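Some notes on the structure that comes next.
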Amino acid sequence: MVRRVAVIGAGVGGLVSVKCCLDEGLEPTCFESSQDIGGVWCYTDSTDRRGVSVYHSVITNTSKEMSCFSDFPFPEGFPSYLPHSLVLEYFRMYAQHFDLLRHIRFQTTVLSVRKHPDFSSSGQWEVVTETEGVYESHIFDAVMVCTGLYQEPYLPLASFPGIESRFKGQQLHSREYREVQTFRGKRVLVVGIGNTGGDLSVELSRVAAKVFLSTRSNTWVISRVSDHGFPFDMVNTTRFNHLLEWLLPSALARRIRFRKFNSWFNHTNYGLASSKSSKFKMIINEELPFCLLSGTVVLKPNVKEFTESSAVFEDGTTEENIDVVLFATGYNFSFPFLEESVRSTINDNRSLYNCVFPPQLEKPTLAIIGLIQLTGSIMVGSEMQARWVTGVFAGWNKLPPPSRMMAEVVKRKPPVKRNPHERENLKMSFIGYMDKIAACAGVKPSVLRLLLTDPQLALAIFFGPCSPYQYRLVGRGRWSGARAAILTQWQRTLQPLRTRVLGDSSSSSSGRCWMCLLALPAALTAAFLFSKYPQPGWSPWARPQL
């Protein structure tokens, strides 16, 4: 019987884990090595502290309605896309509202998590911590590891001959980047075109003498601002679109997607992506296309090698007088505190059952929260994981036998990579993963049932944004405000823009209502297909959207 739960880390995953433990009547103790909550969102000017912090100018890639905790919307006055200061303010509001801080022990580092001698029968763990030089040993019935994805910088220096032995300029990882002014007047090479690489290239272009952006990937660039000025994820992350992607042949779905991306600008002309490539990624950036068009950022292929002051690229071109090489190459995760027998089995989230539970354990009392990459908000995915896990700990949710969990993990093992230096894209469909974990937790909404009992709500959740509130309509943890939150999410999106009200008060809401009513037969058919042919949890079309 699980009662006492250790939660490691007070970032997003830690906060929702503490809250979900309390919801299930468990007794959580959260250990946080720093002196504040928020994890990577707790900005600091220093690069010396342990852990990772966002850079000063960062703005969220997912909108507030698609990123909030499912029973705690962002304040109506917050903008749709948020700077780190407002994200952290929201976390503080959440922690205060649900009285979470009293369960967190700050400036306490977890040194080791080891199985108790009678683990095979009790499932308990021995946790050793250190607080200001004082060491303590604790016994917990279960452990939730919430240290997240962004822990150790990934620096593939071996892939760039000469960077260590010949290059005389400055080299750094994006983890060390804080303010743009230190790069004024310099020639900067950014390696890597993920969201961070794109953001930093744009920001550097405002002060640097020249910015070069090197990539080996086919990359589609999309804007946060979508149709009619609404947030991209609210317009595109819908159950209707998800169903279409599932029903259409993958080649046709990809062709439609590429055509939509190219309707903004032709990515082939910019050297970013070709519609003939089946391997690609997507980044969010409104300004990068203009920087490329204006020449303030120059796109380059992969670096072949470095000399003392230049970079030689795989196409044979050379850029001279490079002052700084900035690696935006991402992060690795690690769990140094876990005992070796457990740590060695976790290569990535595919080693875990549903990206959460190590299937080899005799007792399912260890869970990894937030070790996921989704086409939507990781915050929302982490909360869903925590709800499922605490339900398992409390005895409400049941796991399959270890043999079945192991079989599913083995089935998801990747093929051998042709290029050992190429990082794999492990992003999963947001709706596909959320629905899979929600079904495990017994909180997945039924579109078909809602069509019969509440057609207005059913149409809103099928054709509208798949916002987190949908997962508070049924099951344990049901929230009475979920229906209203869903039906008013567009109003909350527009509210921060009402700083100058024009005389034209016409609204498209009535038109949208009529369109939804006309689409009712299609929704009924789609709901039938959903129920008759359940979608696989790991959607084959999953690609980075955000």
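Identifiers in this document derive from the order of the structure tokens: chains are assigned A, B, ..., residues are numbered from 1 separately in each chain, and ligands are numbered from 1 in order of occurrence.
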| Picked from region 127-257 of chain A by DSSP as alpha helix (DSSP H), as a PyMOL selection string | chain A and resi 195-204+232-236+239-247+250-257
| field | Contacts of Glu32 (chain A) within 12 Å, only C-alpha atoms, excl. fewer than 6 positions in-chain, as a VMD selection string | value | chain A and resid 6 to 15 38 to 39 50 to 51 101 103 to 111 129 to 131 145 to 147
Find the nearest atom pair between each residue of region 327-443 of chain A and region 465-483 of chain A for residues within 9 Å, count only C-alpha atoms, give distances in Å to one decimal, sort rows by chain and ascending number, and present the table as CSV.
residue,atom,partner,partner_atom,distance
A:Val380,CA,A:Pro468,CA,6.6
A:Met384,CA,A:Tyr471,CA,8.5
A:Arg387,CA,A:Gly477,CA,8.5
A:Gly391,CA,A:Arg476,CA,8.8
A:Ile431,CA,A:Cys466,CA,7.3
A:Met434,CA,A:Tyr471,CA,8.8
A:Asp435,CA,A:Tyr471,CA,8.7
A:Ala438,CA,A:Tyr471,CA,7.1
A:Ala441,CA,A:Gly475,CA,8.1
A:Gly442,CA,A:Gly475,CA,5.7
A:Val443,CA,A:Gly475,CA,4.7
Dump as a PDB file, in the first residue's frame, selection limited to N, CA and C atoms:
ATOM      1  N   VAL A 380       1.355  19.944 -20.076  1.00  0.00           N
ATOM      2  CA  VAL A 380       0.067  19.241 -20.065  1.00  0.00           C
ATOM      3  C   VAL A 380       0.295  17.737 -20.035  1.00  0.00           C
ATOM      4  N   MET A 384      -0.836  14.929 -17.077  1.00  0.00           N
ATOM      5  CA  MET A 384      -1.601  13.714 -17.345  1.00  0.00           C
ATOM      6  C   MET A 384      -0.856  12.483 -16.822  1.00  0.00           C
ATOM      7  N   ARG A 387      -1.303  12.321 -13.048  1.00  0.00           N
ATOM      8  CA  ARG A 387      -2.644  11.874 -12.655  1.00  0.00           C
ATOM      9  C   ARG A 387      -2.752  10.354 -12.762  1.00  0.00           C
ATOM     10  N   GLY A 391      -2.836   7.653  -9.543  1.00  0.00           N
ATOM     11  CA  GLY A 391      -3.963   6.725  -9.515  1.00  0.00           C
ATOM     12  C   GLY A 391      -3.506   5.282  -9.382  1.00  0.00           C
ATOM     13  N   ILE A 431      -2.202  14.660 -29.146  1.00  0.00           N
ATOM     14  CA  ILE A 431      -3.522  14.086 -28.878  1.00  0.00           C
ATOM     15  C   ILE A 431      -3.417  12.569 -28.719  1.00  0.00           C
ATOM     16  N   MET A 434      -1.849  11.926 -25.216  1.00  0.00           N
ATOM     17  CA  MET A 434      -2.753  12.349 -24.141  1.00  0.00           C
ATOM     18  C   MET A 434      -3.941  11.406 -24.032  1.00  0.00           C
ATOM     19  N   ASP A 435      -4.524  11.026 -25.168  1.00  0.00           N
ATOM     20  CA  ASP A 435      -5.676  10.125 -25.130  1.00  0.00           C
ATOM     21  C   ASP A 435      -5.284   8.753 -24.594  1.00  0.00           C
ATOM     22  N   ALA A 438      -4.805   9.187 -20.855  1.00  0.00           N
ATOM     23  CA  ALA A 438      -6.117   9.493 -20.271  1.00  0.00           C
ATOM     24  C   ALA A 438      -6.983   8.247 -20.202  1.00  0.00           C
ATOM     25  N   ALA A 441      -5.948   6.258 -17.316  1.00  0.00           N
ATOM     26  CA  ALA A 441      -6.372   6.887 -16.058  1.00  0.00           C
ATOM     27  C   ALA A 441      -7.886   6.960 -15.919  1.00  0.00           C
ATOM     28  N   GLY A 442      -8.616   6.577 -16.967  1.00  0.00           N
ATOM     29  CA  GLY A 442     -10.071   6.624 -16.916  1.00  0.00           C
ATOM     30  C   GLY A 442     -10.654   8.011 -17.018  1.00  0.00           C
ATOM     31  N   VAL A 443      -9.948   8.926 -17.720  1.00  0.00           N
ATOM     32  CA  VAL A 443     -10.426  10.311 -17.813  1.00  0.00           C
ATOM     33  C   VAL A 443     -10.553  10.784 -19.256  1.00  0.00           C
TER      34      VAL A 443
END
| field | Distance criterion (only C-alpha atoms): nearest to Thr215 (chain A) out of A:Ala158, A:Leu243, A:Val134, A:Val298 | value |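 Residue with the minimum atom-to-atom distance to Thr215 (chain A): A:Val298.
Comparing A:Ser165, A:Ser334, A:Ser351, A:Ser223 by their smallest distance to Thr307 (chain A), the closest is A:Ser165 (using only C-alpha atoms).
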| query | Within 12 Å of region 263-278 of chain A, counting only C-alpha atoms, which residues qualify if same-chain residues fewer than 6 places away don't, as a PyMOL selection string? | reply | chain A and resi 193+198+213-223+225-227+250-257+286+288-295+297-301+541+543
Just write the chosen residues, N, CA, C and O atoms, as a short mmCIF file (atom, residue, chain, number, x, y, z; two decimals), in the first residue's frame.
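After the write, again.cif holds the following:
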data_model
loop_
_atom_site.label_atom_id
_atom_site.label_comp_id
_atom_site.auth_asym_id
_atom_site.auth_seq_id
_atom_site.Cartn_x
_atom_site.Cartn_y
_atom_site.Cartn_z
N ILE A 193 19.28 23.90 -35.72
CA ILE A 193 18.13 24.72 -36.09
C ILE A 193 16.85 24.24 -35.42
O ILE A 193 15.79 24.23 -36.02
N GLY A 198 16.85 28.66 -33.81
CA GLY A 198 16.14 29.69 -34.57
C GLY A 198 15.96 30.96 -33.79
O GLY A 198 16.21 32.07 -34.29
N LEU A 213 23.70 30.27 -39.70
CA LEU A 213 22.92 29.21 -39.05
C LEU A 213 23.15 27.91 -39.81
O LEU A 213 22.75 27.79 -40.97
N SER A 214 23.80 26.96 -39.16
CA SER A 214 24.16 25.69 -39.80
C SER A 214 23.17 24.60 -39.40
O SER A 214 22.85 24.43 -38.22
N THR A 215 22.70 23.84 -40.40
CA THR A 215 21.77 22.76 -40.14
C THR A 215 22.00 21.60 -41.08
O THR A 215 22.41 21.79 -42.23
N ARG A 216 21.71 20.41 -40.61
CA ARG A 216 21.75 19.22 -41.45
C ARG A 216 20.35 18.71 -41.73
O ARG A 216 20.17 17.72 -42.45
N SER A 217 19.33 19.35 -41.15
CA SER A 217 17.96 18.82 -41.19
C SER A 217 17.09 19.57 -42.18
O SER A 217 17.30 20.76 -42.45
N ASN A 218 16.09 18.87 -42.71
CA ASN A 218 14.99 19.52 -43.39
C ASN A 218 14.07 20.11 -42.33
O ASN A 218 13.56 19.38 -41.46
N THR A 219 13.87 21.41 -42.37
CA THR A 219 13.15 22.10 -41.29
C THR A 219 12.05 22.98 -41.85
O THR A 219 12.30 23.85 -42.69
N TRP A 220 10.84 22.75 -41.39
CA TRP A 220 9.70 23.59 -41.75
C TRP A 220 9.49 24.62 -40.64
O TRP A 220 9.45 24.27 -39.46
N VAL A 221 9.36 25.86 -41.03
CA VAL A 221 9.21 26.96 -40.07
C VAL A 221 7.76 27.42 -40.08
O VAL A 221 7.20 27.74 -41.15
N ILE A 222 7.14 27.46 -38.91
CA ILE A 222 5.75 27.90 -38.82
C ILE A 222 5.64 29.03 -37.81
O ILE A 222 6.51 29.23 -36.97
N SER A 223 4.55 29.76 -37.93
CA SER A 223 4.34 30.93 -37.09
C SER A 223 3.40 30.59 -35.94
O SER A 223 2.49 29.77 -36.08
N VAL A 225 1.27 32.64 -35.02
CA VAL A 225 0.03 33.30 -35.42
C VAL A 225 -0.54 32.57 -36.63
O VAL A 225 0.07 32.51 -37.69
N SER A 226 -1.74 32.01 -36.46
CA SER A 226 -2.33 31.19 -37.51
C SER A 226 -3.53 31.90 -38.13
O SER A 226 -3.61 33.13 -38.12
N ASP A 227 -4.45 31.14 -38.66
CA ASP A 227 -5.60 31.68 -39.39
C ASP A 227 -6.37 32.70 -38.55
O ASP A 227 -6.66 32.46 -37.38
N SER A 250 -0.57 8.27 -45.47
CA SER A 250 0.48 9.12 -44.91
C SER A 250 1.09 10.04 -45.97
O SER A 250 1.41 11.19 -45.69
N ALA A 251 1.27 9.53 -47.20
CA ALA A 251 1.86 10.35 -48.26
C ALA A 251 0.97 11.53 -48.59
O ALA A 251 1.44 12.66 -48.80
N LEU A 252 -0.35 11.30 -48.63
CA LEU A 252 -1.29 12.39 -48.94
C LEU A 252 -1.34 13.39 -47.79
O LEU A 252 -1.34 14.61 -48.02
N ALA A 253 -1.37 12.89 -46.55
CA ALA A 253 -1.39 13.78 -45.39
C ALA A 253 -0.14 14.65 -45.36
O ALA A 253 -0.21 15.85 -45.07
N ARG A 254 1.01 14.06 -45.68
CA ARG A 254 2.27 14.82 -45.70
C ARG A 254 2.24 15.87 -46.80
O ARG A 254 2.69 16.99 -46.61
N ARG A 255 1.69 15.51 -47.95
CA ARG A 255 1.62 16.47 -49.07
C ARG A 255 0.74 17.66 -48.72
O ARG A 255 1.08 18.81 -49.00
N ILE A 256 -0.39 17.39 -48.07
CA ILE A 256 -1.28 18.48 -47.65
C ILE A 256 -0.59 19.38 -46.64
O ILE A 256 -0.68 20.61 -46.70
N ARG A 257 0.12 18.75 -45.71
CA ARG A 257 0.81 19.51 -44.67
C ARG A 257 1.89 20.40 -45.29
O ARG A 257 2.02 21.58 -44.95
N GLU A 286 8.46 33.24 -36.14
CA GLU A 286 7.86 34.19 -37.07
C GLU A 286 8.90 35.04 -37.79
O GLU A 286 8.66 35.50 -38.92
N LEU A 288 12.39 34.35 -38.41
CA LEU A 288 13.51 33.76 -39.14
C LEU A 288 13.41 33.92 -40.65
O LEU A 288 14.41 34.26 -41.30
N PRO A 289 12.23 33.72 -41.27
CA PRO A 289 12.16 33.91 -42.73
C PRO A 289 12.58 35.31 -43.16
O PRO A 289 13.29 35.48 -44.16
N PHE A 290 12.17 36.34 -42.41
CA PHE A 290 12.57 37.70 -42.80
C PHE A 290 14.06 37.91 -42.59
O PHE A 290 14.71 38.60 -43.39
N CYS A 291 14.62 37.35 -41.54
CA CYS A 291 16.08 37.47 -41.33
C CYS A 291 16.84 36.83 -42.48
O CYS A 291 17.87 37.36 -42.93
N LEU A 292 16.36 35.69 -42.98
CA LEU A 292 17.00 35.07 -44.13
C LEU A 292 16.81 35.91 -45.38
O LEU A 292 17.72 36.08 -46.19
N LEU A 293 15.62 36.48 -45.51
CA LEU A 293 15.32 37.30 -46.69
C LEU A 293 16.13 38.59 -46.69
O LEU A 293 16.54 39.08 -47.75
N SER A 294 16.40 39.13 -45.50
CA SER A 294 17.16 40.38 -45.40
C SER A 294 18.66 40.16 -45.29
O SER A 294 19.43 41.12 -45.28
N GLY A 295 19.08 38.90 -45.18
CA GLY A 295 20.51 38.59 -45.13
C GLY A 295 21.16 38.76 -43.78
O GLY A 295 22.37 38.57 -43.65
N VAL A 297 20.63 36.83 -41.31
CA VAL A 297 20.97 35.45 -40.98
C VAL A 297 21.21 34.72 -42.29
O VAL A 297 20.41 34.84 -43.22
N VAL A 298 22.31 33.96 -42.37
CA VAL A 298 22.65 33.22 -43.58
C VAL A 298 22.61 31.73 -43.25
O VAL A 298 23.28 31.27 -42.33
N LEU A 299 21.79 30.99 -43.99
CA LEU A 299 21.65 29.56 -43.75
C LEU A 299 22.79 28.79 -44.42
O LEU A 299 23.14 29.06 -45.58
N LYS A 300 23.36 27.86 -43.69
CA LYS A 300 24.50 27.07 -44.19
C LYS A 300 24.23 25.58 -43.93
O LYS A 300 23.48 25.23 -43.02
N PRO A 301 24.86 24.70 -44.72
CA PRO A 301 24.74 23.26 -44.45
C PRO A 301 25.56 22.86 -43.24
O PRO A 301 26.12 23.71 -42.53
N TRP A 541 2.21 9.42 -37.74
CA TRP A 541 2.47 10.70 -38.41
C TRP A 541 3.03 11.74 -37.47
O TRP A 541 3.21 12.89 -37.85
N ARG A 543 4.94 14.35 -35.78
CA ARG A 543 6.07 15.19 -36.13
C ARG A 543 6.05 16.41 -35.23
O ARG A 543 5.00 16.79 -34.72
#
| task | Using only C-alpha atoms, determine which residues lie at most 10 Å from Lys363 (chain A), disregarding the query and same-chain residues fewer than 4 positions distant; provide the list as a PyMOL selection string. | result | chain A and resi 119-124+142+358-359+402
| Top pick for closest residue to Pro231 (chain A), considering A:Asn349, A:Thr499, A:Thr488, A:Thr62 and counting only C-alpha atoms | A:Thr62
| Using only C-alpha atoms, which residues sit within 12 Å of Arg178 (chain A) once same-chain residues fewer than 3 positions away are excluded, as a list in words? |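 So the residues in contact are Tyr43, Thr44, Asp45, Ser46, Thr47, Asp48, Val52, Ser53, Val54, Tyr55, His56, Ser57, Val58, Leu172, His173, Ser174, Arg175, Gln181, Thr182, Phe183, Leu200, Glu203 and Leu204 of chain A.
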| Which is closer to Ile437 (chain A) than all the others in A:Gly381, A:Gly148, A:Pro455, A:Pro401, using only C-alpha atoms? | A:Gly381
| Two-atom distance - CA of Ala460 (chain A), CA of Ala485 (chain A) (Å) | 11.0 Å
Leaving out Thr60 (chain A) and any residue of its chain fewer than 5 positions from it, which residues lie within 10 Å of it when counting only C-alpha atoms, given as a compact mmCIF listing (two decimals) with N, CA, C and O atoms, in the first residue's frame?
# COMPACT_ATOMS: atom_id res chain seq x y z
N SER A 67 -1.55 25.15 -22.83
CA SER A 67 -0.42 24.84 -21.95
C SER A 67 -0.77 24.81 -20.47
O SER A 67 0.06 24.46 -19.64
N SER A 80 -1.51 35.35 -24.95
CA SER A 80 -1.56 33.96 -25.39
C SER A 80 -0.19 33.30 -25.33
O SER A 80 -0.07 32.12 -24.98
N TYR A 81 0.86 34.03 -25.70
CA TYR A 81 2.22 33.50 -25.62
C TYR A 81 2.98 34.30 -24.57
O TYR A 81 2.92 35.53 -24.54
N LEU A 82 3.71 33.57 -23.71
CA LEU A 82 4.16 34.15 -22.45
C LEU A 82 5.67 34.21 -22.32
O LEU A 82 6.37 33.26 -22.69
N PRO A 83 6.19 35.31 -21.74
CA PRO A 83 7.60 35.34 -21.34
C PRO A 83 7.80 34.49 -20.09
O PRO A 83 6.83 34.13 -19.40
N HIS A 84 9.05 34.19 -19.78
CA HIS A 84 9.33 33.30 -18.64
C HIS A 84 8.80 33.87 -17.33
O HIS A 84 8.41 33.11 -16.43
N VAL A 87 5.17 32.87 -16.92
CA VAL A 87 5.06 31.43 -16.69
C VAL A 87 5.37 31.12 -15.23
O VAL A 87 4.64 30.38 -14.56
N ARG A 224 3.59 31.26 -34.81
CA ARG A 224 2.65 31.12 -33.71
C ARG A 224 1.29 31.69 -34.08
O ARG A 224 0.27 31.30 -33.50
N ILE A 284 9.03 26.71 -34.45
CA ILE A 284 8.16 27.88 -34.35
C ILE A 284 9.03 29.13 -34.42
O ILE A 284 9.91 29.31 -33.58
N SER A 377 2.15 20.78 -25.62
CA SER A 377 2.78 21.20 -24.37
C SER A 377 3.24 20.03 -23.52
O SER A 377 2.46 19.12 -23.20
N LEU A 546 5.35 21.87 -32.29
CA LEU A 546 5.67 22.98 -31.40
C LEU A 546 7.00 22.74 -30.73
O LEU A 546 7.38 21.61 -30.54
| Picked from region 241-352 of chain A by DSSP as strand (DSSP E), as number ranges by chain | A: 281-284, 297-300, 303-306, 311-313, 318-319, 324-327, 331-332
| message | Report, in Å to a single decimal, how far apart CA of Cys30 (chain A) and CA of Glu362 (chain A) are. | response |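 Spanning CA of Glu362 (chain A) to CA of Cys30 (chain A) is a straight-line distance of 24.2 Å.
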| query | Hey, which of A:Leu326, A:Leu366, A:Ala407, A:Val356 ends up closest to Val191 (chain A)? Count only C-alpha atoms. | reply |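 Of all the options, A:Leu326 lies closest to Val191 (chain A).
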